[in-house]
Amino acid sequence: MDFEPTGIQGELAEGIRRLLAGAFPLDQLRTRENQEKVIDRDGWTQLAEAGVFSLCLAEEAGGVGLGLAEATLVFEELGRSLVPGPLVATHLAAGLVDGAEDGSVVVGMVERPSGPSANVLPVFIEHLADLDVLLVLSDRGIEQLDPATLSARPSRRPMDPLTPVWSVSSLPEGEPVAGPEIVAWWRRDGRVLTAALQVGLAAWLTDLSVAYAKERQQFGRPIGSFQAVKHLCADMTTRVELARVGVQAAGVTIDQPDVGAPDVVAAGAKIVADEAAITNGRSAIQVHGGMGFTWEVPVHLAYKRARLHATQFGTADRLAEMIADALADGLGGPTDVG
Amino acid sequence: MDLRYTEAEQAFRADLRRWLAATIPTLPEKPAPTDWPGRRAYDTNWQRLLFDAGYAGVDWPVEGGGRGASPVEELIFKEELERAHAPYVGVNFVGLLHAGPTIITEGTPEQRQQYLPAILRGDNVWCQGFSEPNAGSDLASMRTRAVRDGDEYVINGSKIWTSHAEVADYCELLVRTGPEDSRHRGITWLILPMDTPGVEIRPLATMAGSTEFAELFLTDVRVPVANRVGEENDGWRVTMVTLSFERGTAFVGDLLEAFELLASSVALARRTGAWSDPGVRRQAGHLRAELDALYAMTRRTVSQAARTGVPGTGGTYFKLAYPDVRNKLGEFSLSLLGRASLGADDLDGLDGLGSLPSEEMVEDWLRGISLTIAAGTSQIQRNIVGERFLGLPREPSASSGKSA
């Protein structure tokens with residue numbers, strides 16, 4: 001057992017971080033706030049060339065052939081850099097939708113609502129104007145829709161300024177492209193990758209807060225010298241560390257299924273990562289004080305993005321109930337496997 | 001990142017599992033929690049069995065008489081002991097986890113020869129005299145004084161939280177040898193034989209009703225200079241070297257117990273019908289998610305120790321995150337018991353009602369309360385994370401007018 005990232009895994013994360021710093025600087029991203037289209041196709045192609053979408057696709061299918069463990073490292077960096085767009089959906093669609101893997105086709109994804117709320121709440125779709133393909137997931141399988149044929153209403157005030165959304169009262173039937181077993185697999189991997197984005201956001205929020213706490217002076221000294229502020233920062237970084245290892249362990253467990261219960265750790269990783277990103281968002285605003293509540297300081301972008309991710313691939317409460325079902329079925333502890 | 005065990009690691013686990021399966025059923029009955037001579041006999045017997053099987057000091061280096069196991073083997077060792085419900089390290093805690101490693105690193109050849117084999121065999125029990133009534137989180141302000149008189153130190157002062165003092169043979173004792181305000185620069189590490197005249201022990205019961213703690217009162221206690229480990233006034237550093245033995249496994253047994261407690265809580269909720277409440281199921285699922293993340297953190301820290309040979313930062317993050325999860329779990333199990341938590345007895349056979357895990361759950365809830373205080377409060381841990389890991393400036397110190 002050696003749960004440390006290998007040298008190659010470390011270089012992969014480092015490489016993607018360098019690429020993102022050059023290709024997706026924050027001040028450029030911010031010029032697209034509240035636009036209907038936020039995806040820069042050149043940037044999207046660069047992500048594809050770096051392997052973001054084809055990372056887990058087998059080499060014989062034209063992919064990089066790495067595991068979900070490696071993908072968690074890459075997606076943490078994407079989260080940290082606030083890269084907008086349906087990153088997880090396009091990554092999952094590589095191998096099913098032609099062009100997803102090379103960045104020429106942007107694939108969006110939405111869950112078909114079920115249960116009583118389907119008659120009350122509209123369906124919200126992210127990035128519709130940027131999409132080439134929309135996939136609809138349900139317990140029955142995956143359907144493909146042409147985004148251009150949907151008559152959906154754009155939101156004038158998307159919660160996340162870099163994630164435009166559209167609403168429809170219901171989704172039409174699409175062309176079936178995959179069965180229920182693929183849905184289960186995508187939901188599980190989608191949870192882990194979205195959780196990795198959350199870890200990146202939680203880490204970036206910590207970095208912003210620590211830097212501000214060192215620099216901002218009140219009562220004649222940096223506010224980070226006061227325990228009231230220092231302890232907020234300590235709790236933020238602790239949440240990041242815990243969520244990060246949880247997400248990476250989920251990635252490894254999906255790659256090496258005999259070491260644990262992949263569905264359970266995938267759900268658990270998203271619960272812990274959602275909590276880290278959202279709570280760190282609130283703490284980061286608090287550390288920044290009044291400036292944290294302004295549009296100008298970018299903390300709100302990460303907080304809102306975290307809140308968006310919390311609605312994707314299962315909410316924490318829904319995932320907790322899934323784990324509870326496994327517990328009721330006699331799920332063992334960590335020493336009952338391996 | 002690989003969570004699979006190597007063939008050698010699997011063989012280590014299989015051998016240990018076989019030995020535990022054969023040995024645990026032969027153990028004598030557990031003594032009552034307050035029967036300290038009985039508990040000493042029980043724990044030291046267990047240590048002797050480990051010694052005879054080659055598992056004593058599994059994590060100690062070979063030159064100290066230990067097995068020299070890798071950090072991963074140490075993790076497997078603790079996992080298997082917990083899985084087999086083997087005895088806890090008990091009264092051997094300070095000897096095996098603190099005094100022993102300190103003497104291995106800082107002791108003279110004579111001291112190593114005299115004390116280490118006796119710890120490994122379970123012949124000698126050690127206790128710890130570090131904290132004082134007025135030196136808790138601020139340990140460096142300790143005042144128990146040792147004055148040199150020929151070949152002896154004469155010691156006066158008092159110590160607190162000295163676990164198992166009543167049944168200990170030796171105490172690892174920190175004393176002030178420098179000037180009163182010398183803080184960490186004027187402390188010396190001594191070996192105090194507990195039968196020395198002038199050592200008075202007062203037991204200190206905890207709110208959990210347990211009695212392992214004691215206060216020590218030291219009046220003109222004479223300890224030979226030969227019992228000093230390390231140089232005079234260098235005791236702070238001597239104490240800290242033990243930290244390098246920490247490889248992220250300190251809470252493995254505790255954490256695995258938490259998984260079991262969650263499983264008993266789920267079983268109880270299903271019996272009482274509380275499981276039909278989505279709020280109860282969600283709490284259980286959240287707790288499991290957090291426990292799994294904590295286990296991943298343990299594996300990460302152990303892997304780092306295996307790679308680099310030094311403890312990483314993971315132990316501190318764990319120490320900060322774990323108590324909150326454990327306390328939530330304690331509250332969860334107590335709420336499932338409802339009014340059956342009012343008596344900490346395992347009720348069985350009461351007019352045909354099934355047995356209830358009240359004792360386990362109430363005890364656990366009470367013990368969990370100490371986790372945010374013992375071995376460095378959560379507030380001190382947050383200072384460490386903030387100042388050492390994040391590089392935030394130190395808290396202004398009121399007493400000295402400058403940063404502490």
# chains A, B, ... in the order shown; residues from 1 in each chain; ligands from 1
>>> interface_residues(of="chain B", to="chain A", cutoff="7 Å", atoms="only C-alpha atoms", output="PyMOL selection string")
chain B and resi 1-6+79+259+266+281-282+284-286+289-290+293-294+296-297+299-300+303-304+317+382-383+385-386+392-395
>>> residues_around(residues="stretch 108-114 of chain A", least_positions_apart="6", cutoff="7 Å", atoms="only C-alpha atoms", output="JSON, numbers by chain")
{"A": [86, 89, 90, 125, 131, 133, 134, 135, 136, 137, 138]}
>>> closest_residue(among="B:Thr196, B:Thr372, B:Thr34, B:Asn92", to="B:Glu212", atoms="only C-alpha atoms")
B:Thr34
>>> closest_atom_pairs(of="stretch 325-380 of chain B", to="stretch 139-153 of chain B", cutoff="12 Å", atoms="only C-alpha atoms", output="CSV")
residue,atom,partner,partner_atom,distance
B:Ala375,CA,B:Leu139,CA,11.3
B:Gly376,CA,B:Leu139,CA,10.2
B:Ile380,CA,B:Leu139,CA,11.7
>>> residues_around(residues="A:Gly190", least_positions_apart="2", cutoff="9 Å", atoms="only C-alpha atoms", output="NGL selection string")
:A and (88-89 or 92 or 185-188 or 192-195 or 266 or 312-313)
>>> select_by_dssp(residues="stretch 37-224 of chain B", states="helix (DSSP H, G or I)", output="PyMOL selection string")
chain B and resi 37-52+62-64+71-83+90-106+109-121+139-141+165-167+183-186
>>> residues_around(residues="A:Thr45", least_positions_apart="4", cutoff="9 Å", atoms="only C-alpha atoms", output="list in words")
Asp40, Arg41, Glu49, Ala50, Asp102, Gly103 and Ser104 of chain A
